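File shown: input-v1.txt (compact mmCIF, C-alpha atoms (C1' of nucleotides)).
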# COMPACT_ATOMS: atom_id res chain seq x y z
CA MET A 1 124.48 160.29 159.47
CA THR A 2 124.94 156.73 158.46
CA MET A 3 121.62 155.58 159.82
CA ASP A 4 120.84 152.02 160.43
CA GLN A 5 118.67 149.91 158.23
CA PRO A 6 115.49 151.97 158.26
CA GLY A 7 116.71 155.15 156.74
CA SER A 8 113.43 156.92 157.06
CA GLU A 9 114.11 159.82 159.36
CA ALA A 10 115.55 162.69 157.45
CA PRO A 11 112.39 164.74 157.29
CA GLU A 12 114.02 168.07 156.69
CA GLU A 13 115.40 167.00 153.37
CA VAL A 14 112.17 165.76 151.90
CA THR A 15 110.00 168.76 152.62
CA GLU A 16 110.46 170.31 149.24
CA GLY A 17 107.11 172.04 149.40
CA ALA A 18 108.70 174.78 151.44
CA GLY A 19 107.28 176.14 154.70
CA ARG A 20 104.20 174.08 155.32
CA GLY A 21 103.24 175.99 158.39
CA ALA A 22 103.22 172.85 160.50
CA ALA A 23 106.99 172.85 160.55
CA ASP A 24 108.91 169.80 159.44
CA LEU A 25 106.73 166.75 159.39
CA PRO A 26 107.70 163.48 157.75
CA ALA A 27 106.63 162.90 154.16
CA ASP A 28 104.03 160.30 155.08
CA TYR A 29 102.42 162.54 157.68
CA PRO A 30 101.13 165.68 156.02
CA SER A 31 99.27 168.27 158.02
CA GLU A 32 95.88 166.95 156.91
CA VAL A 33 96.70 163.64 158.52
CA ALA A 34 97.96 165.40 161.61
CA GLU A 35 94.69 167.24 161.84
CA PHE A 36 92.74 164.05 161.53
CA VAL A 37 94.79 162.45 164.27
CA GLU A 38 93.82 165.28 166.58
CA ARG A 39 90.16 164.90 165.72
CA PHE A 40 90.29 161.17 166.23
CA ALA A 41 92.07 161.65 169.53
CA ALA A 42 89.46 164.19 170.59
CA ASP A 43 86.70 161.65 170.00
CA LEU A 44 88.56 159.11 172.06
CA THR A 45 89.25 161.63 174.80
CA ALA A 46 85.58 162.54 174.96
CA ALA A 47 84.89 158.88 175.68
CA GLY A 48 87.23 158.87 178.65
CA PHE A 49 90.53 158.02 177.01
CA GLN A 50 93.67 159.64 178.36
CA ARG A 51 94.71 162.45 176.06
CA MET A 52 98.25 161.39 175.22
CA ALA A 53 97.28 157.75 174.91
CA ALA A 54 94.55 158.76 172.51
CA ARG A 55 96.92 160.78 170.37
CA VAL A 56 99.48 158.00 170.22
CA PHE A 57 96.79 155.47 169.42
CA ALA A 58 95.36 157.60 166.64
CA CYS A 59 98.81 158.20 165.25
CA LEU A 60 99.47 154.48 165.10
CA VAL A 61 96.17 153.87 163.35
CA VAL A 62 97.03 156.20 160.49
CA SER A 63 100.55 154.87 160.15
CA ARG A 64 101.34 152.60 157.24
CA ASP A 65 102.21 149.51 159.27
CA GLY A 66 100.24 150.27 162.39
CA ALA A 67 103.57 150.57 164.15
CA LEU A 68 105.92 153.42 164.93
CA SER A 69 109.02 153.99 167.00
CA SER A 70 109.19 156.38 169.90
CA ALA A 71 111.17 158.86 167.83
CA GLU A 72 108.64 158.74 165.02
CA LEU A 73 105.78 159.33 167.43
CA ALA A 74 107.62 162.23 169.03
CA GLU A 75 108.24 163.79 165.64
CA ARG A 76 104.64 163.42 164.46
CA LEU A 77 102.92 164.44 167.67
CA ARG A 78 105.55 166.92 168.80
CA ILE A 79 105.74 165.58 172.29
CA SER A 80 108.62 164.57 174.49
CA PRO A 81 109.94 161.02 174.84
CA ALA A 82 108.70 161.15 178.42
CA ALA A 83 105.14 161.68 177.28
CA ILE A 84 105.48 158.83 174.80
CA SER A 85 106.72 156.57 177.53
CA GLY A 86 103.69 157.16 179.68
CA ALA A 87 101.24 156.80 176.84
CA VAL A 88 102.65 153.54 175.48
CA ARG A 89 102.84 152.07 178.95
CA TYR A 90 99.12 152.69 179.38
CA LEU A 91 98.27 151.42 175.91
CA GLY A 92 100.27 148.30 176.66
CA GLN A 93 98.48 147.77 179.95
CA ILE A 94 95.10 147.78 178.27
CA HIS A 95 96.49 145.56 175.52
CA LEU A 96 95.88 147.89 172.65
CA ILE A 97 99.49 147.82 171.53
CA SER A 98 102.45 145.52 171.88
CA ARG A 99 106.06 146.52 171.90
CA GLU A 100 108.71 144.95 169.78
CA ARG A 101 112.37 145.48 169.07
CA GLU A 102 113.84 145.86 165.65
CA PRO A 103 116.55 143.21 165.54
CA GLY A 104 119.33 145.40 164.24
CA SER A 105 118.57 148.32 166.50
CA ARG A 106 117.91 149.17 170.10
CA ARG A 107 114.97 151.19 169.01
CA GLU A 108 111.62 149.94 170.15
CA ARG A 109 108.50 149.86 168.02
CA TYR A 110 104.97 150.10 169.31
CA ARG A 111 102.48 148.15 167.28
CA LEU A 112 98.72 148.14 167.27
CA HIS A 113 97.45 144.77 168.33
CA GLN A 114 96.38 142.70 165.36
CA SER A 115 92.75 142.83 166.33
CA VAL A 116 92.50 146.00 168.34
CA TRP A 117 88.76 145.75 168.57
CA TYR A 118 88.84 142.34 170.07
CA GLU A 119 91.22 143.65 172.69
CA ALA A 120 89.12 146.71 173.24
CA MET A 121 86.10 144.56 173.88
CA THR A 122 88.01 142.41 176.30
CA GLN A 123 88.99 145.53 178.10
CA ARG A 124 85.39 146.59 178.25
CA ASP A 125 84.54 143.19 179.61
CA GLN A 126 86.74 143.77 182.63
CA THR A 127 85.04 147.08 183.28
CA LEU A 128 81.69 145.35 183.22
CA LYS A 129 82.93 142.71 185.63
CA ARG A 130 84.06 145.41 187.99
CA TRP A 131 80.76 147.23 187.84
CA GLU A 132 78.97 143.99 188.44
CA LEU A 133 80.87 143.37 191.64
CA THR A 134 80.42 146.93 192.78
CA ALA A 135 76.68 146.72 192.23
CA LEU A 136 76.46 143.46 194.18
CA THR A 137 78.39 144.98 197.03
CA GLY A 138 76.04 147.92 197.01
CA ALA A 139 73.01 145.66 197.12
CA ASP A 140 74.34 144.11 200.29
CA VAL A 141 75.15 147.47 201.80
CA VAL A 142 71.67 148.88 201.31
CA GLY A 143 69.97 145.52 201.78
CA ARG A 144 68.94 143.27 198.92
CA ASP A 145 65.30 143.45 199.82
CA THR A 146 64.95 147.19 199.48
CA PRO A 147 64.07 149.28 196.45
CA ALA A 148 67.67 150.44 196.08
CA GLY A 149 68.94 146.90 196.63
CA ARG A 150 66.73 145.55 193.88
CA ARG A 151 67.86 148.32 191.60
CA LEU A 152 71.47 147.39 192.24
CA LEU A 153 70.80 143.72 191.71
CA GLU A 154 69.25 144.53 188.38
CA THR A 155 72.33 146.54 187.50
CA ALA A 156 74.54 143.59 188.34
CA ALA A 157 72.31 141.31 186.28
CA PHE A 158 72.56 143.62 183.33
CA MET A 159 76.33 143.60 183.56
CA VAL A 160 76.38 139.81 183.63
CA PHE A 161 74.12 139.79 180.63
CA LEU A 162 76.35 142.15 178.70
CA GLU A 163 79.42 140.10 179.52
CA GLU A 164 77.73 137.05 178.10
CA GLN A 165 76.76 138.89 174.98
CA LEU A 166 80.23 140.19 174.31
CA ASP A 167 81.66 136.82 173.37
CA GLU A 168 78.85 136.15 170.97
CA ILE A 169 79.27 139.56 169.44
CA MET A 170 82.91 138.97 168.72
CA GLU A 171 82.13 135.62 167.14
CA ARG A 172 79.58 137.27 164.96
CA TRP A 173 82.03 139.95 164.04
CA HIS A 174 84.56 137.44 162.86
CA ALA A 175 81.91 135.73 160.78
CA HIS A 176 80.73 139.06 159.43
CA ARG A 177 84.27 140.00 158.62
CA ALA A 178 84.90 136.73 156.84
CA VAL A 179 81.97 137.48 154.56
CA ALA A 180 83.42 140.82 153.66
CA ALA A 181 86.48 138.82 152.65
CA THR A 182 88.78 141.78 152.91
CA PRO A 183 91.76 141.08 155.10
CA LEU A 184 92.37 144.69 155.95
CA GLU A 185 94.89 144.07 158.63
CA ARG A 186 97.45 142.76 156.21
CA ASP A 187 98.94 145.27 153.89
CA ASP A 188 100.33 143.68 150.80
CA GLU A 189 102.51 146.42 149.47
CA ARG A 190 100.52 147.00 146.32
CA GLY A 191 99.30 150.23 147.77
CA GLY A 192 102.73 151.86 147.74
CA MET B 1 58.80 160.52 211.41
CA THR B 2 56.15 162.32 209.51
CA MET B 3 58.38 162.56 206.52
CA ASP B 4 57.16 163.67 203.19
CA GLN B 5 56.02 167.10 202.40
CA PRO B 6 58.99 169.33 202.59
CA GLY B 7 59.66 169.09 206.27
CA SER B 8 62.32 166.42 206.03
CA GLU B 9 65.49 168.37 206.53
CA ALA B 10 66.19 168.61 210.20
CA PRO B 11 69.00 166.09 210.21
CA GLU B 12 70.65 167.29 213.37
CA GLU B 13 67.75 166.19 215.48
CA VAL B 14 67.69 162.61 214.28
CA THR B 15 71.34 161.76 214.85
CA GLU B 16 70.80 160.29 218.27
CA GLY B 17 73.65 157.87 217.84
CA ALA B 18 76.04 160.62 218.83
CA GLY B 19 79.05 161.68 216.79
CA ARG B 20 79.07 159.44 213.78
CA GLY B 21 82.21 160.91 212.38
CA ALA B 22 80.53 161.64 209.06
CA ALA B 23 78.66 164.52 210.59
CA ASP B 24 74.91 164.78 210.22
CA LEU B 25 73.61 162.55 207.48
CA PRO B 26 69.95 161.69 206.91
CA ALA B 27 68.61 158.57 208.53
CA ASP B 28 68.33 156.68 205.25
CA TYR B 29 71.88 157.47 204.25
CA PRO B 30 74.26 155.98 206.80
CA SER B 31 77.98 156.31 206.35
CA GLU B 32 78.27 152.80 204.88
CA VAL B 33 76.01 153.84 202.05
CA ALA B 34 77.94 157.06 201.62
CA GLU B 35 81.12 155.05 201.31
CA PHE B 36 79.56 152.81 198.73
CA VAL B 37 78.41 155.80 196.72
CA GLU B 38 81.97 157.02 196.57
CA ARG B 39 83.22 153.64 195.42
CA PHE B 40 80.55 153.40 192.79
CA ALA B 41 81.32 156.90 191.61
CA ALA B 42 85.00 156.04 191.46
CA ASP B 43 84.27 153.13 189.13
CA LEU B 44 82.22 155.39 186.91
CA THR B 45 84.88 158.07 186.95
CA ALA B 46 87.52 155.57 185.92
CA ALA B 47 85.40 154.86 182.87
CA GLY B 48 85.39 158.49 181.85
CA PHE B 49 82.39 159.80 183.73
CA GLN B 50 82.52 163.30 185.14
CA ARG B 51 83.18 163.18 188.84
CA MET B 52 80.21 165.10 190.15
CA ALA B 53 77.84 163.52 187.68
CA ALA B 54 79.06 160.12 188.81
CA ARG B 55 78.49 160.95 192.46
CA VAL B 56 75.01 162.28 191.84
CA PHE B 57 74.15 159.28 189.70
CA ALA B 58 75.39 156.84 192.33
CA CYS B 59 73.50 158.70 195.01
CA LEU B 60 70.29 158.42 193.04
CA VAL B 61 70.82 154.72 192.48
CA VAL B 62 70.99 154.00 196.21
CA SER B 63 68.05 156.21 197.02
CA ARG B 64 64.76 154.59 197.85
CA ASP B 65 62.79 155.94 194.91
CA GLY B 66 65.62 156.54 192.49
CA ALA B 67 64.85 160.22 192.85
CA LEU B 68 66.10 163.01 195.07
CA SER B 69 65.76 166.76 195.29
CA SER B 70 68.64 169.14 194.93
CA ALA B 71 68.68 169.79 198.65
CA GLU B 72 68.74 166.09 199.45
CA LEU B 73 71.64 165.54 197.07
CA ALA B 74 73.52 168.46 198.56
CA GLU B 75 73.01 167.09 202.05
CA ARG B 76 74.13 163.56 201.16
CA LEU B 77 77.08 164.44 198.96
CA ARG B 78 78.07 167.59 200.83
CA ILE B 79 78.36 169.69 197.74
CA SER B 80 76.98 173.07 196.81
CA PRO B 81 73.77 173.63 194.84
CA ALA B 82 75.96 174.95 192.05
CA ALA B 83 77.74 171.64 191.73
CA ILE B 84 74.41 169.81 191.73
CA SER B 85 73.16 172.06 189.00
CA GLY B 86 76.04 171.24 186.71
CA ALA B 87 75.87 167.52 187.39
CA VAL B 88 72.14 167.15 186.80
CA ARG B 89 72.33 169.20 183.66
CA TYR B 90 74.89 166.78 182.28
CA LEU B 91 72.94 163.73 183.43
CA GLY B 92 69.89 165.16 181.78
CA GLN B 93 71.73 165.78 178.53
CA ILE B 94 72.79 162.16 178.30
CA HIS B 95 69.27 161.09 179.29
CA LEU B 96 70.21 159.22 182.42
CA ILE B 97 67.84 161.24 184.58
CA SER B 98 64.72 163.28 184.08
CA ARG B 99 63.60 166.22 186.13
CA GLU B 100 60.19 166.60 187.61
CA ARG B 101 58.42 169.02 189.90
CA GLU B 102 56.59 168.06 193.01
CA PRO B 103 53.11 169.53 192.54
CA GLY B 104 52.78 171.30 195.87
CA SER B 105 56.30 172.64 195.91
CA ARG B 106 58.72 174.55 193.76
CA ARG B 107 61.33 171.99 194.58
CA GLU B 108 62.63 169.95 191.69
CA ARG B 109 63.31 166.24 191.80
CA TYR B 110 65.84 164.42 189.69
CA ARG B 111 64.82 160.92 188.82
CA LEU B 112 66.75 158.07 187.30
CA HIS B 113 65.31 157.19 183.96
CA GLN B 114 63.07 154.13 184.22
CA SER B 115 65.43 152.00 182.21
CA VAL B 116 68.77 153.64 182.73
CA TRP B 117 70.58 150.89 180.90
CA TYR B 118 68.55 151.29 177.81
CA GLU B 119 69.38 154.96 177.84
CA ALA B 120 73.02 154.25 178.53
CA MET B 121 73.18 151.98 175.52
CA THR B 122 71.53 154.56 173.35
CA GLN B 123 74.14 156.99 174.50
CA ARG B 124 76.84 154.53 173.59
CA ASP B 125 75.25 154.14 170.20
CA GLN B 126 75.78 157.81 169.44
CA THR B 127 79.41 157.49 170.39
CA LEU B 128 79.79 154.60 168.00
CA LYS B 129 78.13 156.57 165.25
CA ARG B 130 80.54 159.40 165.81
CA TRP B 131 83.54 157.12 165.72
CA GLU B 132 82.24 155.57 162.56
CA LEU B 133 82.09 158.92 160.82
CA THR B 134 85.47 159.91 162.12
CA ALA B 135 87.01 156.71 160.84
CA LEU B 136 85.45 157.17 157.41
CA THR B 137 86.75 160.70 157.27
CA GLY B 138 90.18 159.43 158.16
CA ALA B 139 90.06 156.80 155.46
CA ASP B 140 89.49 159.51 152.90
CA VAL B 141 92.22 161.66 154.34
CA VAL B 142 94.88 158.99 154.14
CA GLY B 143 93.41 157.40 151.03
CA ARG B 144 91.08 154.43 151.12
CA ASP B 145 93.42 152.23 149.18
CA THR B 146 96.30 152.44 151.58
CA PRO B 147 97.13 150.25 154.56
CA ALA B 148 96.01 152.94 156.97
CA GLY B 149 92.91 153.62 154.92
CA ARG B 150 91.92 149.98 154.99
CA ARG B 151 92.49 149.90 158.72
CA LEU B 152 90.20 152.87 159.16
CA LEU B 153 87.55 151.37 156.93
CA GLU B 154 87.61 148.25 159.03
CA THR B 155 87.21 150.39 162.13
CA ALA B 156 84.18 152.06 160.60
CA ALA B 157 82.76 148.68 159.63
CA PHE B 158 83.21 147.43 163.16
CA MET B 159 81.34 150.42 164.51
CA VAL B 160 78.47 149.82 162.11
CA PHE B 161 78.40 146.22 163.18
CA LEU B 162 78.27 147.13 166.84
CA GLU B 163 75.48 149.60 166.25
CA GLU B 164 73.46 146.88 164.59
CA GLN B 165 74.10 144.54 167.46
CA LEU B 166 73.04 146.99 170.12
CA ASP B 167 69.37 146.86 169.24
CA GLU B 168 69.35 143.10 169.29
CA ILE B 169 71.11 143.09 172.60
CA MET B 170 68.51 145.29 174.18
CA GLU B 171 65.73 143.13 172.84
CA ARG B 172 67.43 140.11 174.29
CA TRP B 173 67.84 141.91 177.58
CA HIS B 174 64.16 142.64 177.83
CA ALA B 175 63.38 139.02 177.07
CA HIS B 176 65.97 137.90 179.60
CA ARG B 177 64.54 140.26 182.16
CA ALA B 178 61.01 139.05 181.53
CA VAL B 179 62.14 135.54 182.39
CA ALA B 180 63.54 136.72 185.69
CA ALA B 181 60.07 138.10 186.28
CA THR B 182 61.16 140.56 188.89
CA PRO B 183 59.96 144.07 188.17
CA LEU B 184 62.77 145.75 190.02
CA GLU B 185 62.06 149.23 188.85
CA ARG B 186 58.79 149.49 190.72
CA ASP B 187 59.03 149.71 194.45
CA ASP B 188 55.82 148.70 196.09
CA GLU B 189 56.20 150.24 199.48
CA ARG B 190 56.31 146.97 201.35
CA GLY B 191 59.98 147.56 202.01
CA GLY B 192 59.29 150.49 204.34
C1' DC C 1 134.70 146.72 178.31
C1' DG C 2 133.37 151.19 177.68
C1' DC C 3 130.64 154.03 174.38
C1' DT C 4 126.60 155.23 172.38
C1' DT C 5 121.73 155.30 171.91
C1' DC C 6 117.27 154.80 173.40
C1' DT C 7 113.96 154.54 177.23
C1' DT C 8 112.27 155.49 181.74
C1' DT C 9 111.85 157.97 186.10
C1' DC C 10 111.44 162.11 188.83
C1' DA C 11 110.71 166.89 190.24
C1' DT C 12 109.02 171.06 188.50
C1' DA C 13 106.16 174.32 186.00
C1' DA C 14 102.07 175.18 183.46
C1' DA C 15 97.53 174.54 182.23
C1' DT C 16 93.25 172.75 182.80
C1' DT C 17 89.72 171.35 185.57
C1' DT C 18 86.73 171.60 189.63
C1' DG C 19 83.87 173.33 193.19
C1' DT C 20 82.35 177.32 195.72
C1' DG C 21 80.10 181.78 197.13
C1' DA C 22 77.35 185.31 195.64
C1' DA C 23 74.46 187.58 192.60
C1' DG C 24 70.80 186.94 189.28
C1' DT C 25 66.60 184.60 187.42
C1' DT C 26 62.41 182.12 187.49
C1' DA C 27 58.41 180.60 189.63
C1' DT C 28 55.22 179.90 193.53
C1' DG C 29 52.14 181.55 197.09
C1' DG C 30 49.87 184.82 199.80
C1' DC D 1 51.76 192.36 192.88
C1' DC D 2 55.20 191.66 196.19
C1' DA D 3 57.76 188.24 199.03
C1' DT D 4 59.99 184.06 199.17
C1' DA D 5 62.20 179.87 197.86
C1' DA D 6 64.69 177.22 194.65
C1' DC D 7 67.64 176.83 190.77
C1' DT D 8 71.21 178.70 187.62
C1' DT D 9 75.03 181.46 186.11
C1' DC D 10 79.42 183.70 186.83
C1' DA D 11 84.12 184.84 188.39
C1' DC D 12 87.51 183.20 191.31
C1' DA D 13 90.47 180.14 194.15
C1' DA D 14 92.20 175.63 194.87
C1' DA D 15 93.47 171.30 193.61
C1' DT D 16 94.52 168.04 190.41
C1' DT D 17 96.36 166.80 186.29
C1' DT D 18 99.68 167.12 182.39
C1' DA D 19 103.78 167.53 179.91
C1' DT D 20 108.52 168.67 180.07
C1' DG D 21 113.72 168.69 180.89
C1' DA D 22 117.29 166.46 183.05
C1' DA D 23 119.38 162.56 185.00
C1' DA D 24 119.53 157.68 185.63
C1' DG D 25 118.94 153.15 183.75
C1' DA D 26 119.17 149.33 180.03
C1' DA D 27 121.07 147.34 175.84
C1' DG D 28 123.49 146.68 171.72
C1' DC D 29 127.97 147.71 169.16
C1' DG D 30 132.61 148.45 168.20

Rewrite the structure of this file - the entire thing - as structure tokens.
Amino acid sequence: MTMDQPGSEAPEEVTEGAGRGAADLPADYPSEVAEFVERFAADLTAAGFQRMAARVFACLVVSRDGALSSAELAERLRISPAAISGAVRYLGQIHLISREREPGSRRERYRLHQSVWYEAMTQRDQTLKRWELTALTGADVVGRDTPAGRRLLETAAFMVFLEEQLDEIMERWHAHRAVAATPLERDDERGG
Amino acid sequence: MTMDQPGSEAPEEVTEGAGRGAADLPADYPSEVAEFVERFAADLTAAGFQRMAARVFACLVVSRDGALSSAELAERLRISPAAISGAVRYLGQIHLISREREPGSRRERYRLHQSVWYEAMTQRDQTLKRWELTALTGADVVGRDTPAGRRLLETAAFMVFLEEQLDEIMERWHAHRAVAATPLERDDERGG
DNA sequence: CGCTTCTTTCATAAATTTGTGAAGTTATGG
DNA sequence: CCATAACTTCACAAATTTATGAAAGAAGCG
């Protein structure tokens, strides 16, 4: 096969270590990493994340560039393109990844958002907003001047409070991060 | 109604409004409230909450005292005692409710924790701690001095940061709440 | 302009989850 | 010390969810 530019998918030829047990995985994805991805995904799943989305997300996190193509994901996670499709759609919806096209190819790449945690917090913010509205609705349903109504109003107030705090937290994080002075997002090749 | 003591479960006799559609529900749990409970539970479920636990939790929130017995929950939610058992066990494990016994009866009551949100945040804190450890593990697996390793270290750092912030947030919430000067948790009977 | 390659959609099959009834256990009350 | 009432555990049935293969739909390339 002539390949296109990125000639990085001939995994069967590089596995010189003989039968690894975990079949033919790419060189930069040994079984230890695969295991970690599953553990990471399990943590995420326990917190309510969709299983496939969690696995894809974890797989992207441990990838060199924070970006992989559909074929690469399928190879590493051993799932069908259909499963990838669903997972990346969801991850895109909640703004954890963005999709991009390699110029010379029709292959799409899914990339972790630059500041995933900022996006994650924003996502959380929307959840809080929703809960706030639900609680307010409930207060009206049961009557605001009842024990349950007051409880629901307090819930709504707490949500509002948390929303307000979120912005400040992210500002503080950026400041905190600046102090650390370690631009981790950018990989400057020296590692390879 | 005499209420209290155990003699409060003769719902069929109090539905004088004729066929309500939603069968025989207790007087303080009209169908509008039941609908709201389902909506509330749906929000919680969307965020990863177990379904039954979410329904029980929501039902407790809209109850007058923030506490209900197993039988009352079963009647309102139309689920079996077995389902209740599982849900309250989970809610107890994550410290959202406590269980208490009515002195004169062998009936148990499940009560929302006084400050549910404080408990919820504590719960969240443990999740963060777990993610932090997972991320650190991952950094070692892929190598700390690699792009992926640095990404994982940043993730761990972010978790640490959030953990630190949580305490401050709760302090601020209590201050904020003190300003509002509305002790919502305590219901002083005047509503009935 | 059609071929090739990748992605998405859809129906199906499998697996997991979920809630129930019934038996078992604990604890109260006479 | 037995009878009773409430809660819990267990195995099973049902429903939902989950992932797949195959076919259809885009999009570059020759």

Please list as an MDAnalysis selection string every residue within 12 Å of DG2 in chain C, counting only C-alpha atoms (C1' of nucleotides) and excluding residues in the same chain fewer than 2 positions away. (chainID C and resid 4) or (chainID D and resid 29:30)

Near DA6 in chain D, within 12 Å and counting all atoms listed in the file, which residues show up once chain neighbours fewer than 5 positions away are dropped, as a ChimeraX atom specification? /B:69-71,81-82,85,101,105-109 /C:25-28

Residue hits in chain C, query chain A, radius 10 Å, all atoms listed in the file, as number ranges by chain: C: 5-9

CA of Met170 in chain B to CA of Asp65 in chain B, straight-line distance in Å: 24.0 Å

Rounded to one decimal in Å, what is the spacing between CA of Ala120 in chain B and CA of Ser80 in chain B?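 Interatomic distance, CA of Ala120 in chain B to CA of Ser80 in chain B: 26.5 Å.
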
Which residues of chain D come within 9 Å of chain B, and what is each one's closest atom pair and distance in Å (one decimal), counting all atoms listed in the file, sorted by chain and residue number, as a Markdown table?
| residue | atom | partner | partner_atom | distance |
| --- | --- | --- | --- | --- |
| D:DA5 | C1' | B:Arg106 | CA | 7.6 |
| D:DA6 | C1' | B:Arg107 | CA | 6.2 |
| D:DC7 | C1' | B:Ser85 | CA | 7.5 |
| D:DT8 | C1' | B:Ser85 | CA | 7.1 |
| D:DT9 | C1' | B:Ala82 | CA | 8.9 |

Give me the box for range 12-22 of chain D as lines of an AutoDock Vina configuration file, namely the centre and edge lengths in Å to one decimal of a box along x, y and z that holds every listed atom plus 4 Å on each side.
center_x = 102.4
center_y = 174.8
center_z = 187.4
size_x = 37.8
size_y = 24.7
size_z = 23.0

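Coordinates place CA of Arg64 in chain B at a distance of 11.2 Å from CA of Gly143 in chain A.
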
With a distance cut-off of 9 Å and all atoms listed in the file, select the neighbouring residues of Arg111 in chain A, excluding the residue or stretch itself and same-chain residues fewer than 5 positions from it, and output the selection as a PDB file with C-alpha atoms, keeping the file's coordinate frame.
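As written to disk, out_23.pdb reads:
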ATOM      1  CA  LEU A  60      99.470 154.480 165.100  1.00  0.00           C
ATOM      2  CA  ASP A  65     102.210 149.510 159.270  1.00  0.00           C
ATOM      3  CA  GLY A  66     100.240 150.270 162.390  1.00  0.00           C
ATOM      4  CA  ALA A  67     103.570 150.570 164.150  1.00  0.00           C
ATOM      5  CA  LEU A  68     105.920 153.420 164.930  1.00  0.00           C
ATOM      6  CA  SER A  69     109.020 153.990 167.000  1.00  0.00           C
ATOM      7  CA  LEU A  96      95.880 147.890 172.650  1.00  0.00           C
ATOM      8  CA  ILE A  97      99.490 147.820 171.530  1.00  0.00           C
ATOM      9  CA  SER A  98     102.450 145.520 171.880  1.00  0.00           C
ATOM     10  CA  ARG A  99     106.060 146.520 171.900  1.00  0.00           C
ATOM     11  CA  GLU A 100     108.710 144.950 169.780  1.00  0.00           C
TER      12      GLU A 100
END

Please check which residues have atoms at most 12 Å from (105.6, 168.8, 180.4) in the file's coordinates, counting all atoms listed in the file, and write them as a PyMOL selection string. (chain A and resi 52+78-84+86) or (chain C and resi 11-15) or (chain D and resi 17-21)

Tell me which residues come within 12 Å of (81.1, 156.9, 197.2), as number ranges by chain, counting only C-alpha atoms (C1' of nucleotides) in the file's coordinates. A: 134, 138; B: 29-45, 51-52, 54-62, 76-78
